[in-house]
Amino acid sequence: MLVIIKNQREELEREAARIVARAVRRNPSLTLGLATGATMRGVYAELVRIHREEGLDFSDATTFNLDEYVGLPPGHPQSFRHFMMENFFRHVNVNPLNINIPDGTVRSNFDEYCASYEASIRNAGGIDLQILGIGRNGHIGFNEPASSLGSRTRLKAFSQETLDDNRKFFAAGEEMPKCAITVGIGTILEARHIVLLAAGSAKARAVARAIEGALTASCTASALQLHPDVTCIIDEEAAAELAQKDYYRRVVELTAQFTPSRLW
Ligand code: F6R
């Protein structure tokens, strides 16, 4: 894992957007794996700016989102589809036919639906670049603690921590989703390149467990240790519990000197 520590959250967002932009310029017909959430908002804003001001062209790209709540009515403002439309797709030129987001309105035959989502990823040639956030409990996608590290796209119930984190997004008295369709850890690990983003002190423990802890299903992001091409971009607050910060900084310096292409 390459660990890049940025002073400010804004620098992290710019760096992540720069990586996506460079990947799209190198291969305009690439397949992107996308996430939602607070960490991603600034990344999409920066990508929209690059699209508008520098003409970054998404017209040949294909996208697959990691996850979607199950049980919300179509068009609900907290749905991940709504998030993606408002924060990104509405402002750039991704072909709507190439946008894939798990369908949270599915009510039956979940296994069949999830298998078809996996098949669509395979048919698109697999994910070239997967962007991930991380939950306080170490989840990536909605692969909650005790998820199989070989898991595929499936219906997943939320942990108490995720339910607590999500409560603020829903009106008092409104019924909150209790589960999501999420791609699996096995699915994520098949992406060619992975970028994990984390900002803020609430993520410090999860980041330390993911990067320096044992490989364990109780922190599913630790499975990224098995992947040969992961870049973690985190801010100082999220890096606070890492034991090897100086070492990561030296690695980045040496990488810039000897294998700059690893830094995108
Ligand atoms: C969302 C997703 C989640 C989030 C994670 C961090 O599509 O897959 O794993 O990335 O919960 O969310 P924020 O950025 O809101 O802290």
# chains A, B, ... in the order shown; residues from 1 in each chain; ligands from 1

call {"tool": "residues_near_ligand", "arguments": {"ligand": "ligand 1", "cutoff": "10 Å", "atoms": "only C-alpha atoms and all ligand atoms", "output": "mmCIF file with N, CA, C and O atoms, in the first residue's frame"}}
result
data_model
loop_
_atom_site.group_PDB
_atom_site.id
_atom_site.type_symbol
_atom_site.label_atom_id
_atom_site.label_comp_id
_atom_site.auth_asym_id
_atom_site.auth_seq_id
_atom_site.Cartn_x
_atom_site.Cartn_y
_atom_site.Cartn_z
ATOM 1 N N LEU A 34 -17.195 3.624 -8.199
ATOM 2 C CA LEU A 34 -17.434 4.877 -7.473
ATOM 3 C C LEU A 34 -18.118 4.645 -6.126
ATOM 4 O O LEU A 34 -18.861 3.678 -5.956
ATOM 5 N N ALA A 35 -17.866 5.577 -5.219
ATOM 6 C CA ALA A 35 -18.469 5.532 -3.882
ATOM 7 C C ALA A 35 -19.283 6.805 -3.652
ATOM 8 O O ALA A 35 -19.138 7.785 -4.380
ATOM 9 N N THR A 36 -20.110 6.771 -2.636
ATOM 10 C CA THR A 36 -20.830 7.978 -2.210
ATOM 11 C C THR A 36 -20.303 8.371 -0.825
ATOM 12 O O THR A 36 -19.337 7.782 -0.345
ATOM 13 N N GLY A 37 -20.945 9.338 -0.190
ATOM 14 C CA GLY A 37 -20.573 9.694 1.174
ATOM 15 C C GLY A 37 -19.887 11.050 1.242
ATOM 16 O O GLY A 37 -19.500 11.626 0.230
ATOM 17 N N ALA A 38 -19.740 11.526 2.484
ATOM 18 C CA ALA A 38 -19.195 12.870 2.717
ATOM 19 C C ALA A 38 -17.792 13.018 2.138
ATOM 20 O O ALA A 38 -17.439 14.069 1.592
ATOM 21 N N THR A 39 -16.978 11.980 2.246
ATOM 22 C CA THR A 39 -15.599 12.066 1.765
ATOM 23 C C THR A 39 -15.557 12.294 0.255
ATOM 24 O O THR A 39 -14.648 12.936 -0.255
ATOM 25 N N MET A 40 -16.553 11.765 -0.446
ATOM 26 C CA MET A 40 -16.541 11.824 -1.910
ATOM 27 C C MET A 40 -17.051 13.148 -2.473
ATOM 28 O O MET A 40 -16.754 13.506 -3.609
ATOM 29 N N ARG A 41 -17.812 13.877 -1.676
ATOM 30 C CA ARG A 41 -18.472 15.087 -2.186
ATOM 31 C C ARG A 41 -17.477 16.046 -2.842
ATOM 32 O O ARG A 41 -17.669 16.498 -3.974
ATOM 33 N N ASN A 65 -21.335 1.955 -9.243
ATOM 34 C CA ASN A 65 -21.317 2.342 -7.837
ATOM 35 C C ASN A 65 -21.241 1.117 -6.946
ATOM 36 O O ASN A 65 -21.670 0.019 -7.315
ATOM 37 N N LEU A 66 -20.678 1.341 -5.770
ATOM 38 C CA LEU A 66 -20.465 0.241 -4.828
ATOM 39 C C LEU A 66 -21.754 -0.276 -4.217
ATOM 40 O O LEU A 66 -21.887 -1.474 -3.968
ATOM 41 N N ASP A 67 -22.692 0.648 -3.944
ATOM 42 C CA ASP A 67 -23.787 0.225 -3.079
ATOM 43 C C ASP A 67 -25.003 1.128 -3.203
ATOM 44 O O ASP A 67 -24.928 2.225 -3.776
ATOM 45 N N GLU A 68 -26.099 0.649 -2.654
ATOM 46 C CA GLU A 68 -27.350 1.429 -2.612
ATOM 47 C C GLU A 68 -28.214 0.908 -1.473
ATOM 48 O O GLU A 68 -28.275 -0.299 -1.223
ATOM 49 N N TYR A 69 -28.873 1.859 -0.771
ATOM 50 C CA TYR A 69 -29.835 1.475 0.259
ATOM 51 C C TYR A 69 -30.953 0.649 -0.349
ATOM 52 O O TYR A 69 -31.395 0.910 -1.466
ATOM 53 N N PHE A 80 -28.463 6.688 -2.877
ATOM 54 C CA PHE A 80 -27.140 6.920 -3.459
ATOM 55 C C PHE A 80 -27.259 7.315 -4.932
ATOM 56 O O PHE A 80 -26.418 8.030 -5.459
ATOM 57 N N PHE A 83 -27.729 10.965 -4.759
ATOM 58 C CA PHE A 83 -26.425 11.563 -4.420
ATOM 59 C C PHE A 83 -25.549 11.660 -5.661
ATOM 60 O O PHE A 83 -24.947 12.706 -5.944
ATOM 61 N N MET A 84 -25.476 10.558 -6.411
ATOM 62 C CA MET A 84 -24.583 10.533 -7.580
ATOM 63 C C MET A 84 -25.064 11.495 -8.665
ATOM 64 O O MET A 84 -24.258 12.171 -9.307
ATOM 65 N N ILE A 131 -12.598 3.726 -6.436
ATOM 66 C CA ILE A 131 -12.426 4.715 -5.366
ATOM 67 C C ILE A 131 -13.259 4.258 -4.166
ATOM 68 O O ILE A 131 -14.430 3.907 -4.320
ATOM 69 N N LEU A 132 -12.653 4.309 -2.995
ATOM 70 C CA LEU A 132 -13.337 3.853 -1.778
ATOM 71 C C LEU A 132 -13.255 4.890 -0.667
ATOM 72 O O LEU A 132 -12.218 5.558 -0.524
ATOM 73 N N GLY A 133 -14.315 4.985 0.136
ATOM 74 C CA GLY A 133 -14.229 5.629 1.439
ATOM 75 C C GLY A 133 -14.127 4.508 2.468
ATOM 76 O O GLY A 133 -14.116 3.323 2.117
ATOM 77 N N ILE A 134 -14.082 4.872 3.730
ATOM 78 C CA ILE A 134 -14.026 3.852 4.786
ATOM 79 C C ILE A 134 -14.949 4.282 5.932
ATOM 80 O O ILE A 134 -14.996 5.463 6.281
ATOM 81 N N GLY A 135 -15.684 3.328 6.461
ATOM 82 C CA GLY A 135 -16.577 3.637 7.590
ATOM 83 C C GLY A 135 -15.799 3.635 8.903
ATOM 84 O O GLY A 135 -14.671 3.124 8.979
ATOM 85 N N ARG A 136 -16.408 4.182 9.966
ATOM 86 C CA ARG A 136 -15.745 4.178 11.279
ATOM 87 C C ARG A 136 -15.476 2.766 11.756
ATOM 88 O O ARG A 136 -14.578 2.518 12.535
ATOM 89 N N ASN A 137 -16.309 1.818 11.279
ATOM 90 C CA ASN A 137 -16.106 0.425 11.687
ATOM 91 C C ASN A 137 -15.213 -0.329 10.695
ATOM 92 O O ASN A 137 -15.130 -1.549 10.736
ATOM 93 N N GLY A 138 -14.552 0.407 9.803
ATOM 94 C CA GLY A 138 -13.617 -0.216 8.861
ATOM 95 C C GLY A 138 -14.283 -0.795 7.633
ATOM 96 O O GLY A 138 -13.634 -1.486 6.839
ATOM 97 N N HIS A 139 -15.582 -0.487 7.418
ATOM 98 C CA HIS A 139 -16.217 -1.070 6.228
ATOM 99 C C HIS A 139 -15.770 -0.363 4.953
ATOM 100 O O HIS A 139 -15.430 0.817 4.965
ATOM 101 N N ILE A 140 -15.747 -1.100 3.868
ATOM 102 C CA ILE A 140 -15.613 -0.521 2.527
ATOM 103 C C ILE A 140 -16.817 -1.029 1.740
ATOM 104 O O ILE A 140 -17.224 -2.174 1.918
ATOM 105 N N GLY A 141 -17.391 -0.168 0.874
ATOM 106 C CA GLY A 141 -18.742 -0.461 0.422
ATOM 107 C C GLY A 141 -19.573 -0.565 1.690
ATOM 108 O O GLY A 141 -19.331 0.152 2.665
ATOM 109 N N PHE A 142 -20.535 -1.473 1.723
ATOM 110 C CA PHE A 142 -21.227 -1.719 2.990
ATOM 111 C C PHE A 142 -20.870 -3.109 3.498
ATOM 112 O O PHE A 142 -21.706 -3.847 4.019
ATOM 113 N N ASN A 143 -19.606 -3.450 3.351
ATOM 114 C CA ASN A 143 -19.121 -4.728 3.863
ATOM 115 C C ASN A 143 -18.795 -4.556 5.342
ATOM 116 O O ASN A 143 -17.683 -4.173 5.726
ATOM 117 N N GLU A 144 -19.804 -4.825 6.137
ATOM 118 C CA GLU A 144 -19.732 -4.582 7.569
ATOM 119 C C GLU A 144 -18.830 -5.613 8.247
ATOM 120 O O GLU A 144 -18.493 -6.646 7.648
ATOM 121 N N THR A 162 -23.135 1.691 11.713
ATOM 122 C CA THR A 162 -23.581 2.286 10.446
ATOM 123 C C THR A 162 -24.989 2.868 10.611
ATOM 124 O O THR A 162 -25.269 3.962 10.120
ATOM 125 N N ASP A 165 -24.500 6.099 12.331
ATOM 126 C CA ASP A 165 -23.897 7.106 11.437
ATOM 127 C C ASP A 165 -24.912 7.637 10.426
ATOM 128 O O ASP A 165 -24.847 8.784 10.000
ATOM 129 N N ASN A 166 -25.840 6.782 10.011
ATOM 130 C CA ASN A 166 -26.789 7.177 8.958
ATOM 131 C C ASN A 166 -28.005 7.944 9.493
ATOM 132 O O ASN A 166 -28.698 8.599 8.729
ATOM 133 N N THR A 182 -24.641 -4.255 -1.714
ATOM 134 C CA THR A 182 -23.255 -3.793 -1.816
ATOM 135 C C THR A 182 -22.413 -4.795 -2.605
ATOM 136 O O THR A 182 -22.644 -6.007 -2.502
ATOM 137 N N VAL A 183 -21.483 -4.290 -3.368
ATOM 138 C CA VAL A 183 -20.518 -5.210 -3.974
ATOM 139 C C VAL A 183 -19.709 -5.817 -2.831
ATOM 140 O O VAL A 183 -19.653 -5.250 -1.733
ATOM 141 N N LEU A 196 -8.108 4.463 -1.704
ATOM 142 C CA LEU A 196 -8.915 4.571 -0.481
ATOM 143 C C LEU A 196 -8.732 5.975 0.092
ATOM 144 O O LEU A 196 -7.604 6.442 0.246
ATOM 145 N N LEU A 197 -9.843 6.631 0.402
ATOM 146 C CA LEU A 197 -9.793 7.999 0.929
ATOM 147 C C LEU A 197 -10.341 8.031 2.348
ATOM 148 O O LEU A 197 -11.344 7.377 2.634
ATOM 149 N N ALA A 198 -9.699 8.809 3.206
ATOM 150 C CA ALA A 198 -10.241 8.989 4.562
ATOM 151 C C ALA A 198 -9.840 10.353 5.090
ATOM 152 O O ALA A 198 -8.686 10.761 4.957
ATOM 153 N N ALA A 199 -10.808 11.033 5.673
ATOM 154 C CA ALA A 199 -10.546 12.356 6.238
ATOM 155 C C ALA A 199 -11.227 12.476 7.595
ATOM 156 O O ALA A 199 -12.322 11.953 7.802
ATOM 157 N N GLY A 200 -10.551 13.149 8.518
ATOM 158 C CA GLY A 200 -11.164 13.457 9.799
ATOM 159 C C GLY A 200 -10.808 12.458 10.897
ATOM 160 O O GLY A 200 -10.536 11.280 10.621
ATOM 161 N N ALA A 202 -12.563 11.005 13.121
ATOM 162 C CA ALA A 202 -13.468 9.871 13.367
ATOM 163 C C ALA A 202 -13.005 8.617 12.613
ATOM 164 O O ALA A 202 -13.411 7.503 12.946
ATOM 165 N N LYS A 203 -12.160 8.800 11.605
ATOM 166 C CA LYS A 203 -11.701 7.651 10.803
ATOM 167 C C LYS A 203 -10.334 7.121 11.241
ATOM 168 O O LYS A 203 -9.837 6.137 10.694
ATOM 169 N N ALA A 221 -11.777 -3.347 5.555
ATOM 170 C CA ALA A 221 -10.801 -2.609 4.737
ATOM 171 C C ALA A 221 -9.403 -3.215 4.857
ATOM 172 O O ALA A 221 -8.546 -2.975 3.994
#

call {"tool": "residues_around", "arguments": {"residues": "Gly71 of chain A", "least_positions_apart": "5", "cutoff": "7 Å", "atoms": "only C-alpha atoms", "output": "ChimeraX atom specification"}}
result
/A:104-105,177

call {"tool": "atom_distance", "arguments": {"atom1": "atom CA of Val48 of chain A", "atom2": "atom CA of Arg167 of chain A"}}
result
28.6 Å

call {"tool": "select_by_dssp", "arguments": {"residues": "segment 83-239 of chain A", "states": "strand (DSSP E or B)", "output": "PyMOL selection string"}}
result
chain A and resi 99-100+129-132+154-157+179-182+193-198+216+219+230-235

call {"tool": "write_last_selection", "arguments": {"atoms": "N, CA and C atoms", "output": "short mmCIF file (atom, residue, chain, number, x, y, z; two decimals), in the first residue's frame"}}
result
data_model
loop_
_atom_site.label_atom_id
_atom_site.label_comp_id
_atom_site.auth_asym_id
_atom_site.auth_seq_id
_atom_site.Cartn_x
_atom_site.Cartn_y
_atom_site.Cartn_z
N ILE A 99 -23.98 4.27 -16.81
CA ILE A 99 -24.01 4.45 -15.35
C ILE A 99 -24.68 3.23 -14.70
N ASN A 100 -23.99 2.62 -13.77
CA ASN A 100 -24.55 1.45 -13.07
C ASN A 100 -24.54 1.71 -11.57
N LEU A 129 -10.36 1.35 -12.08
CA LEU A 129 -9.97 2.17 -10.93
C LEU A 129 -11.15 2.24 -9.96
N GLN A 130 -10.94 1.75 -8.75
CA GLN A 130 -12.00 1.76 -7.74
C GLN A 130 -11.67 2.80 -6.67
N ILE A 131 -12.60 3.73 -6.44
CA ILE A 131 -12.43 4.71 -5.37
C ILE A 131 -13.26 4.26 -4.17
N LEU A 132 -12.65 4.31 -2.99
CA LEU A 132 -13.34 3.85 -1.78
C LEU A 132 -13.26 4.89 -0.67
N ARG A 154 -24.15 -8.52 -2.85
CA ARG A 154 -25.22 -9.18 -2.08
C ARG A 154 -25.97 -8.17 -1.23
N LEU A 155 -27.03 -8.66 -0.61
CA LEU A 155 -27.79 -7.86 0.35
C LEU A 155 -27.07 -7.94 1.69
N LYS A 156 -26.87 -6.78 2.33
CA LYS A 156 -26.10 -6.79 3.58
C LYS A 156 -26.80 -5.94 4.63
N ALA A 157 -27.03 -6.49 5.82
CA ALA A 157 -27.65 -5.73 6.92
C ALA A 157 -26.62 -4.78 7.54
N CYS A 179 -30.63 -2.09 5.46
CA CYS A 179 -29.69 -2.90 4.69
C CYS A 179 -29.44 -2.25 3.33
N ALA A 180 -28.46 -2.79 2.63
CA ALA A 180 -28.08 -2.24 1.33
C ALA A 180 -27.70 -3.39 0.41
N ILE A 181 -27.73 -3.10 -0.88
CA ILE A 181 -27.04 -4.00 -1.82
C ILE A 181 -25.64 -3.44 -1.95
N THR A 182 -24.64 -4.26 -1.71
CA THR A 182 -23.26 -3.79 -1.82
C THR A 182 -22.41 -4.80 -2.60
N HIS A 193 -6.81 -1.07 -9.95
CA HIS A 193 -6.19 -0.10 -9.04
C HIS A 193 -7.26 0.31 -8.03
N ILE A 194 -6.82 0.56 -6.81
CA ILE A 194 -7.76 0.98 -5.77
C ILE A 194 -7.21 2.23 -5.07
N VAL A 195 -8.07 3.20 -4.87
CA VAL A 195 -7.70 4.39 -4.09
C VAL A 195 -8.66 4.48 -2.91
N LEU A 196 -8.11 4.46 -1.70
CA LEU A 196 -8.91 4.57 -0.48
C LEU A 196 -8.73 5.98 0.09
N LEU A 197 -9.84 6.63 0.40
CA LEU A 197 -9.79 8.00 0.93
C LEU A 197 -10.34 8.03 2.35
N ALA A 198 -9.70 8.81 3.21
CA ALA A 198 -10.24 8.99 4.56
C ALA A 198 -9.84 10.35 5.09
N THR A 216 -8.29 -8.96 8.91
CA THR A 216 -9.41 -9.52 9.68
C THR A 216 -10.75 -9.06 9.13
N CYS A 219 -12.43 -5.83 10.39
CA CYS A 219 -12.18 -4.53 9.74
C CYS A 219 -11.99 -4.87 8.26
N VAL A 230 -2.80 -0.52 -4.16
CA VAL A 230 -3.71 0.33 -3.39
C VAL A 230 -2.98 1.61 -3.00
N THR A 231 -3.61 2.74 -3.26
CA THR A 231 -3.09 4.03 -2.77
C THR A 231 -4.08 4.55 -1.74
N CYS A 232 -3.60 4.81 -0.52
CA CYS A 232 -4.46 5.39 0.52
C CYS A 232 -4.12 6.86 0.60
N ILE A 233 -5.11 7.70 0.44
CA ILE A 233 -4.87 9.14 0.59
C ILE A 233 -5.69 9.59 1.78
N ILE A 234 -5.00 10.09 2.78
CA ILE A 234 -5.67 10.42 4.04
C ILE A 234 -5.18 11.77 4.53
N ASP A 235 -6.00 12.43 5.34
CA ASP A 235 -5.52 13.69 5.90
C ASP A 235 -4.86 13.42 7.26
#

call {"tool": "residues_around", "arguments": {"residues": "segment 11-25 of chain A", "least_positions_apart": "4", "cutoff": "7 Å", "atoms": "only C-alpha atoms", "output": "NGL selection string"}}
result
:A and (6 or 30 or 42-43 or 46-47 or 56 or 233-235 or 264)

call {"tool": "residues_around", "arguments": {"residues": "Ala119 of chain A", "least_positions_apart": "5", "cutoff": "12 Å", "atoms": "only C-alpha atoms", "output": "compact mmCIF listing (two decimals) with N, CA and C atoms, in the first residue's frame"}}
result
# COMPACT_ATOMS: atom_id res chain seq x y z
N PHE A 64 -19.54 2.06 -12.15
CA PHE A 64 -20.29 1.14 -11.27
C PHE A 64 -20.20 1.68 -9.85
N ASN A 100 -23.99 2.62 -13.77
CA ASN A 100 -24.55 1.45 -13.07
C ASN A 100 -24.54 1.71 -11.57
N GLU A 112 -30.36 -13.25 -7.60
CA GLU A 112 -30.33 -13.15 -9.07
C GLU A 112 -29.91 -11.73 -9.49
N TYR A 113 -30.51 -10.74 -8.82
CA TYR A 113 -30.18 -9.35 -9.17
C TYR A 113 -28.68 -9.09 -8.92
N CYS A 114 -28.19 -9.53 -7.77
CA CYS A 114 -26.78 -9.27 -7.41
C CYS A 114 -25.83 -9.99 -8.37
N ALA A 124 -18.20 -5.50 -18.59
CA ALA A 124 -17.57 -4.20 -18.89
C ALA A 124 -16.05 -4.31 -18.85
N GLY A 125 -15.54 -5.52 -18.59
CA GLY A 125 -14.09 -5.72 -18.57
C GLY A 125 -13.48 -5.57 -17.19
N GLY A 126 -14.31 -5.49 -16.15
CA GLY A 126 -13.80 -5.33 -14.79
C GLY A 126 -13.55 -3.86 -14.48
N ILE A 127 -13.36 -3.58 -13.20
CA ILE A 127 -13.14 -2.19 -12.74
C ILE A 127 -11.66 -1.83 -12.93
N ARG A 152 -19.14 -11.45 -2.56
CA ARG A 152 -19.52 -10.84 -3.84
C ARG A 152 -20.73 -9.93 -3.58
N THR A 153 -21.23 -9.32 -4.62
CA THR A 153 -22.39 -8.42 -4.50
C THR A 153 -23.56 -9.17 -3.84
N VAL A 183 -21.48 -4.29 -3.37
CA VAL A 183 -20.52 -5.21 -3.97
C VAL A 183 -19.71 -5.82 -2.83
N THR A 187 -15.25 -8.74 -4.83
CA THR A 187 -15.48 -7.92 -6.03
C THR A 187 -14.50 -6.74 -6.04

call {"tool": "closest_residue", "arguments": {"among": "A:Asn98, A:Ser116, A:Asn7, A:Asn87", "to": "Tyr44 of chain A", "atoms": "only C-alpha atoms"}}
result
A:Asn87

call {"tool": "select_by_dssp", "arguments": {"residues": "segment 38-187 of chain A", "states": "alpha helix (DSSP H)", "output": "JSON, numbers by chain"}}
result
{"A": [38, 39, 40, 41, 42, 43, 44, 45, 46, 47, 48, 49, 50, 51, 52, 53, 54, 80, 81, 82, 83, 84, 85, 86, 87, 110, 111, 112, 113, 114, 115, 116, 117, 118, 119, 120, 121, 122, 123, 160, 161, 162, 163, 164, 165, 166, 167, 185, 186, 187]}

call {"tool": "atom_distance", "arguments": {"atom1": "atom CA of Gly186 of chain A", "atom2": "atom CA of Thr63 of chain A"}}
result
18.1 Å

call {"tool": "atom_distance", "arguments": {"atom1": "atom CA of Asp103 of chain A", "atom2": "atom CA of Ile185 of chain A"}}
result
18.9 Å

call {"tool": "decode", "arguments": {"residues": "segment 32-41 of chain A", "atoms": "all heavy atoms", "output": "mmCIF file, in the first residue's frame"}}
result
data_model
loop_
_atom_site.group_PDB
_atom_site.id
_atom_site.type_symbol
_atom_site.label_atom_id
_atom_site.label_comp_id
_atom_site.auth_asym_id
_atom_site.auth_seq_id
_atom_site.Cartn_x
_atom_site.Cartn_y
_atom_site.Cartn_z
ATOM 1 N N LEU A 32 -14.876 2.862 -14.100
ATOM 2 C CA LEU A 32 -14.610 3.436 -12.778
ATOM 3 C C LEU A 32 -15.529 2.808 -11.740
ATOM 4 O O LEU A 32 -16.732 2.666 -11.987
ATOM 5 C CB LEU A 32 -14.897 4.935 -12.791
ATOM 6 C CG LEU A 32 -13.901 5.863 -13.480
ATOM 7 C CD1 LEU A 32 -14.481 7.274 -13.562
ATOM 8 C CD2 LEU A 32 -12.574 5.876 -12.727
ATOM 9 N N GLY A 33 -14.993 2.491 -10.589
ATOM 10 C CA GLY A 33 -15.805 2.066 -9.454
ATOM 11 C C GLY A 33 -15.965 3.260 -8.527
ATOM 12 O O GLY A 33 -14.967 3.866 -8.122
ATOM 13 N N LEU A 34 -17.195 3.624 -8.199
ATOM 14 C CA LEU A 34 -17.434 4.877 -7.473
ATOM 15 C C LEU A 34 -18.118 4.645 -6.126
ATOM 16 O O LEU A 34 -18.861 3.678 -5.956
ATOM 17 C CB LEU A 34 -18.300 5.809 -8.325
ATOM 18 C CG LEU A 34 -17.688 6.224 -9.669
ATOM 19 C CD1 LEU A 34 -18.666 7.085 -10.452
ATOM 20 C CD2 LEU A 34 -16.356 6.943 -9.489
ATOM 21 N N ALA A 35 -17.866 5.577 -5.219
ATOM 22 C CA ALA A 35 -18.469 5.532 -3.882
ATOM 23 C C ALA A 35 -19.283 6.805 -3.652
ATOM 24 O O ALA A 35 -19.138 7.785 -4.380
ATOM 25 C CB ALA A 35 -17.365 5.430 -2.832
ATOM 26 N N THR A 36 -20.110 6.771 -2.636
ATOM 27 C CA THR A 36 -20.830 7.978 -2.210
ATOM 28 C C THR A 36 -20.303 8.371 -0.825
ATOM 29 O O THR A 36 -19.337 7.782 -0.345
ATOM 30 C CB THR A 36 -22.342 7.709 -2.122
ATOM 31 O OG1 THR A 36 -22.548 6.654 -1.183
ATOM 32 C CG2 THR A 36 -22.925 7.334 -3.462
ATOM 33 N N GLY A 37 -20.945 9.338 -0.190
ATOM 34 C CA GLY A 37 -20.573 9.694 1.174
ATOM 35 C C GLY A 37 -19.887 11.050 1.242
ATOM 36 O O GLY A 37 -19.500 11.626 0.230
ATOM 37 N N ALA A 38 -19.740 11.526 2.484
ATOM 38 C CA ALA A 38 -19.195 12.870 2.717
ATOM 39 C C ALA A 38 -17.792 13.018 2.138
ATOM 40 O O ALA A 38 -17.439 14.069 1.592
ATOM 41 C CB ALA A 38 -19.181 13.138 4.212
ATOM 42 N N THR A 39 -16.978 11.980 2.246
ATOM 43 C CA THR A 39 -15.599 12.066 1.765
ATOM 44 C C THR A 39 -15.557 12.294 0.255
ATOM 45 O O THR A 39 -14.648 12.936 -0.255
ATOM 46 C CB THR A 39 -14.847 10.753 2.103
ATOM 47 O OG1 THR A 39 -15.209 10.338 3.418
ATOM 48 C CG2 THR A 39 -13.343 10.917 2.001
ATOM 49 N N MET A 40 -16.553 11.765 -0.446
ATOM 50 C CA MET A 40 -16.541 11.824 -1.910
ATOM 51 C C MET A 40 -17.051 13.148 -2.473
ATOM 52 O O MET A 40 -16.754 13.506 -3.609
ATOM 53 C CB MET A 40 -17.386 10.690 -2.495
ATOM 54 C CG MET A 40 -16.794 9.309 -2.316
ATOM 55 S SD MET A 40 -15.138 9.164 -3.013
ATOM 56 C CE MET A 40 -15.445 9.550 -4.734
ATOM 57 N N ARG A 41 -17.812 13.877 -1.676
ATOM 58 C CA ARG A 41 -18.472 15.087 -2.186
ATOM 59 C C ARG A 41 -17.477 16.046 -2.842
ATOM 60 O O ARG A 41 -17.669 16.498 -3.974
ATOM 61 C CB ARG A 41 -19.185 15.798 -1.034
ATOM 62 C CG ARG A 41 -20.613 16.075 -1.298
ATOM 63 C CD ARG A 41 -21.215 16.748 -0.095
ATOM 64 N NE ARG A 41 -22.008 15.837 0.693
ATOM 65 C CZ ARG A 41 -23.266 15.521 0.405
ATOM 66 N NH1 ARG A 41 -23.863 16.066 -0.614
ATOM 67 N NH2 ARG A 41 -23.922 14.658 1.142
#
